[in-house]
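Worksheet for the structure shown next.
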Amino acid sequence: MSTETNPGPGITGGGGAEEDMAANRRARRLLFGCAAITVVTTLAIFFVLLDNAASYFFGARFTEMLLGASAERSVTFTEFFTGARWAPDHATPAHGVLPIVFGTLAITVGAAFVSIPIGTATAIYLSEYASDGVRAKLKPTLEILAGIPTIVYGYFAIAFINPVVLSPIAETLFGINIGRYSMLSGMLVVGIMTIPMVSSISEDAMSAVPDDLRNGAYALGATKFDVSTKIVLPASISGVFASYILAVSRAIGETMAVTLAAGFNANITPNPFDEIMTMTAYMVSMARGTTAVGTVEYQSLFAVGLLLFVMTLAMNLCNDWFKRRFQEEYR
Amino acid sequence: MSTETDDTLFTDVDLVWEHRKNRIFLAIIFAASLFGVVALALLLLDVASDFYVGLTEYNISLVDFFTRDGSRREELSGFRGAIVASIMLMIVTAILSFFVGVGSAIYLEEYAPDNHITRLIEANLANLAGVPSIVYGLLALAAFVNGIGMGPILLAGAIALGLLVMPIIIVSSQEALRAVPDGVRNGSYATGATEWQTIRRVVLPAAMPGIMTGTILGLARAIGETAPLIMVGALFVNRMPYGPLDRFSAMPTQIYNWAAEPSQHFIHLAAVGIVVLLAFVFAMNAAAIYVRNKYETEV
């Protein structure tokens, strides 16, 4: 803006243009500081997790090493990444992270089997088939589903899905007696939680497909089914994939629902009615005990947290990439 | 083109099958769309029935529930301390995140030049929104609770929640600022106003309803967040906090405590707590919609 020209004293009144411009520069610097806080937050997360995870692997934090603490091997990377038993708080501790990574991935994959087909179908229905009246009711309902706190989903799992739905099925069909927790109820509840994410973002992507493409297909004699599955879905595929990645990323980091649904038993099992433990559930179980600063249990929190952060960060970067592709296509 | 070739051209299209395929597909995706609705109905019904059973069969008195704090003994347990803690948490969280969040949004929308730093901030914001909530709890635990020796106090929980809702507030504020047309800004510049004067007197008032809506929705998300508070250490505290520097247990952590107990009485206490928590969440969402509809002026 060219406010360089200095107006006469009569126009600006008491303040003076110089002072106004100085106030503008001050405001700009202050507001930049606000925006910088968001970057500082990311750096702080990364630094805190790395620093504390270092004491798990090397016996001292990086900041302590700078002050002269010696680095010694505490838990080796080989044990951490390949060990098949996870019990850092046990009398004979074991530090293999695989069982809880298995727990997290099992819940994530199971949840994806629920949320991806149902979310995509809902998106197609909303974007291609639903009348305005139905859409006006269905969309807010899904938004309510998205707004319910995760602890409530956890309660739903432990008070309804597991005892009322899964327990009778397991007992009558397979003769298995399931306890309070099961992997399958975690998969189901996280799947239900992430349906609205898949459906709303996919629907946005599908609605962004220009009508010309649809009309072109109709002109060739295509049916609505053909248009939905062979025109709209492929044309919006990068946005649809972005929604899948977001749902998967959310499932990986999901804490309260899986903790109350799937339990605290770190083991690798193919049986969906078994109790398992996810990475996030492990963190909650540590926080429930009295974990003192400096113990290996406390340090292990940050090693697991760092792994979780890196996994979701990778997902988010993928999502960014898909979104950018999607935006390039029709704008 | 003769009709003969037309007939041979389309003989391989089985119209009956095509129509049937369409109807089957519509039935499948309609059923899938209803799945979410049915799940929501089941969830609400389950909570409502457990709430009712809690009041009738387990004799949970609503008066006691709202006037007593948590307790190890199920018959003495109430929700007062948790409700007070959650309200305090929301106030401190709002103070911590509102000004920084809106300030960031103003910078990004009104001042930021289109350069690498701006793009970095924007990309970082998208990633920050995807960080699991429990990680914010770990940050607060290491940096504030133990790092600077704050202890497991309410302020530490509010910092974790504040950082968590910041991206939500920034993104919704950006949208609100973007919705203010450039003509309004140019009109202000034409009178000789600086950028800051324009923002403060013209743009911000016009965008305020949108900003408030986004902030309330962000807080409605924060009030149900459990994991960061558990990491900060908000478990096993039963009494009411007397200020932001006191130890605390908020509504969701209290509900988690109860739901994780094996006793059926505690499970039903959790259901009553969930009804209160959901009432807060829905009321905040309703407030956000009200603010949007009432104060949204056409610019």
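Ordered as shown in the structure tokens, chains take letters A, B, and onward, while each chain numbers its residues from 1 and ligands are numbered from 1 in the order shown.
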
Taking only C-alpha atoms into account, find every residue of chain B that has an atom no more than 6 Å from chain A, and write it out as a ChimeraX atom specification. /B:22,29,32-33,100,103-104,107,127,132,139,196,224,231

Next, write the just-selected residues to a file, as a PDB file, in the first residue's frame, keeping N, CA and C atoms as the atom set.
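Written output follows (result_23.pdb):
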ATOM      1  N   ASN B  22     -28.122 -51.469 -11.066  1.00  0.00           N
ATOM      2  CA  ASN B  22     -28.299 -50.134 -10.494  1.00  0.00           C
ATOM      3  C   ASN B  22     -29.055 -50.175  -9.183  1.00  0.00           C
ATOM      4  N   ILE B  29     -25.406 -49.021  -1.149  1.00  0.00           N
ATOM      5  CA  ILE B  29     -24.832 -47.780  -0.609  1.00  0.00           C
ATOM      6  C   ILE B  29     -25.815 -47.082   0.320  1.00  0.00           C
ATOM      7  N   ALA B  32     -25.323 -48.817   3.569  1.00  0.00           N
ATOM      8  CA  ALA B  32     -24.053 -48.386   4.159  1.00  0.00           C
ATOM      9  C   ALA B  32     -24.196 -47.001   4.786  1.00  0.00           C
ATOM     10  N   SER B  33     -24.959 -46.114   4.106  1.00  0.00           N
ATOM     11  CA  SER B  33     -25.157 -44.773   4.654  1.00  0.00           C
ATOM     12  C   SER B  33     -25.910 -44.833   5.970  1.00  0.00           C
ATOM     13  N   VAL B 100      -3.465 -16.259  20.486  1.00  0.00           N
ATOM     14  CA  VAL B 100      -2.381 -16.727  19.614  1.00  0.00           C
ATOM     15  C   VAL B 100      -2.958 -17.287  18.313  1.00  0.00           C
ATOM     16  N   GLY B 103      -4.358 -14.451  16.204  1.00  0.00           N
ATOM     17  CA  GLY B 103      -3.197 -13.670  15.747  1.00  0.00           C
ATOM     18  C   GLY B 103      -2.493 -14.364  14.595  1.00  0.00           C
ATOM     19  N   SER B 104      -2.281 -15.669  14.709  1.00  0.00           N
ATOM     20  CA  SER B 104      -1.629 -16.413  13.621  1.00  0.00           C
ATOM     21  C   SER B 104      -2.461 -16.336  12.356  1.00  0.00           C
ATOM     22  N   TYR B 107      -2.107 -12.986  10.745  1.00  0.00           N
ATOM     23  CA  TYR B 107      -0.816 -12.858  10.053  1.00  0.00           C
ATOM     24  C   TYR B 107      -0.850 -13.592   8.728  1.00  0.00           C
ATOM     25  N   ASN B 127       0.077 -30.422   9.345  1.00  0.00           N
ATOM     26  CA  ASN B 127       0.623 -31.579  10.046  1.00  0.00           C
ATOM     27  C   ASN B 127       0.289 -31.556  11.524  1.00  0.00           C
ATOM     28  N   PRO B 132      -1.449 -36.931  16.902  1.00  0.00           N
ATOM     29  CA  PRO B 132      -2.367 -37.547  17.864  1.00  0.00           C
ATOM     30  C   PRO B 132      -2.411 -36.757  19.171  1.00  0.00           C
ATOM     31  N   LEU B 139       4.161 -33.997  25.378  1.00  0.00           N
ATOM     32  CA  LEU B 139       4.902 -32.733  25.348  1.00  0.00           C
ATOM     33  C   LEU B 139       4.713 -31.986  26.655  1.00  0.00           C
ATOM     34  N   TRP B 196      -3.045  -2.375   9.677  1.00  0.00           N
ATOM     35  CA  TRP B 196      -3.452  -2.732  11.036  1.00  0.00           C
ATOM     36  C   TRP B 196      -4.776  -2.074  11.405  1.00  0.00           C
ATOM     37  N   GLY B 224     -13.891 -32.872  25.486  1.00  0.00           N
ATOM     38  CA  GLY B 224     -13.992 -34.328  25.519  1.00  0.00           C
ATOM     39  C   GLY B 224     -12.660 -35.039  25.436  1.00  0.00           C
ATOM     40  N   MET B 231      -2.030 -38.206  30.297  1.00  0.00           N
ATOM     41  CA  MET B 231      -0.569 -38.137  30.257  1.00  0.00           C
ATOM     42  C   MET B 231      -0.049 -37.079  31.216  1.00  0.00           C
TER      43      MET B 231
END

For region 185-188 of chain A: contacts at 8 Å, only C-alpha atoms, fewer than 4 positions along chain excluded, given as a list in words: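 Listed by chain and then number, they are Ala106, Ile107, Thr108, Val109, Gly110, Ala111, Val114, Ala157, Ile161, Asn162, Leu166, Tyr181, Ile192, Ala257, Val258, Ala261 and Ala262 of chain A.
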
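Near Ala94 (chain B), within 8 Å and counting only C-alpha atoms, sit Gly162, Thr215 and Leu219 of chain B, not including residues fewer than 5 positions from it in the same chain.
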
Give me, please, the distance in Å between CA of Leu213 (chain A) and CA of Ile245 (chain A), quoted to one decimal.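 Taking CA of Leu213 (chain A) as the start and CA of Ile245 (chain A) as the end point, the length is 26.1 Å.
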
Can you tell me which residues surround Ala259 (chain B) at a distance of at most 7 Å, considering only C-alpha atoms, apart from same-chain residues fewer than 5 positions away, and format the answer as a ChimeraX atom specification? /A:155 /B:266-267,270

Shell around Met277 (chain A) at 8 Å using only C-alpha atoms, local window under 2 positions removed, as JSON, numbers by chain: {"A": [99, 100, 103, 104, 259, 262, 263, 264, 265, 266, 267, 275, 279, 281, 282]}

DSSP-assigned helix (DSSP H, G or I) among region 108-247 of chain B, expressed as a ChimeraX atom specification: /B:108-111,116-129,133-147,154-178,182-190,195-223,227-232

Let me make sure I understand: among A:Leu66, A:Ala217, A:Ala242, A:Ala170, which one has the smallest atom-to-atom distance to Lys230 (chain A) if we use only C-alpha atoms?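 Counting only C-alpha atoms, the residue closest to Lys230 (chain A) is A:Ala217.
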
How many Å separate CA of Val180 (chain B) from CA of Gly101 (chain B)?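 Going from CA of Val180 (chain B) over to CA of Gly101 (chain B) covers 18.1 Å.
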
Excluding region 86-93 of chain A and residues on its chain fewer than 3 positions from it, collect all residues at most 8 Å away from it, counting only C-alpha atoms, and give them as a list in words.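 The neighbour list is Gly83, Gly96, Val97, Leu98, Pro99, Ile100, Ala266, Val296, Glu297 and Ser300 of chain A.
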
For a test of reading the model, state the distance in Å between CA of Pro234 (chain A) and CA of Asp14 (chain B), rounded to one decimal.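 Spanning CA of Pro234 (chain A) to CA of Asp14 (chain B) is a straight-line distance of 24.4 Å.
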
Skip Phe77 (chain A) itself and residues of its chain fewer than 4 positions away, then list as a ChimeraX atom specification all residues within 10 Å of it, counting only C-alpha atoms. /A:57,73,81-83,95-96

Keeping N, CA and C atoms, export the residues of the selection given above as a compact mmCIF listing (two decimals), in the first residue's frame.
# COMPACT_ATOMS: atom_id res chain seq x y z
N PHE A 57 17.34 -45.19 25.11
CA PHE A 57 18.30 -45.98 24.33
C PHE A 57 19.74 -45.82 24.81
N ARG A 73 24.85 -47.81 26.39
CA ARG A 73 23.73 -48.52 25.79
C ARG A 73 22.78 -49.00 26.88
N PHE A 81 13.43 -52.95 18.03
CA PHE A 81 12.68 -53.11 16.78
C PHE A 81 12.42 -54.56 16.40
N THR A 82 13.15 -55.53 17.00
CA THR A 82 12.93 -56.92 16.59
C THR A 82 12.45 -57.82 17.72
N GLY A 83 12.53 -57.36 18.95
CA GLY A 83 12.09 -58.20 20.07
C GLY A 83 10.60 -58.45 20.01
N HIS A 95 12.07 -55.44 25.91
CA HIS A 95 11.87 -54.16 25.25
C HIS A 95 11.60 -54.29 23.76
N GLY A 96 10.94 -55.37 23.36
CA GLY A 96 10.60 -55.51 21.94
C GLY A 96 9.28 -54.82 21.65

Selected residue, from A:Ser127, A:Thr76, A:Ser238, A:Thr194, that lies nearest to Ser55 (chain A) when counting only C-alpha atoms: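 Among the listed residues, A:Thr76 lies closest to Ser55 (chain A).
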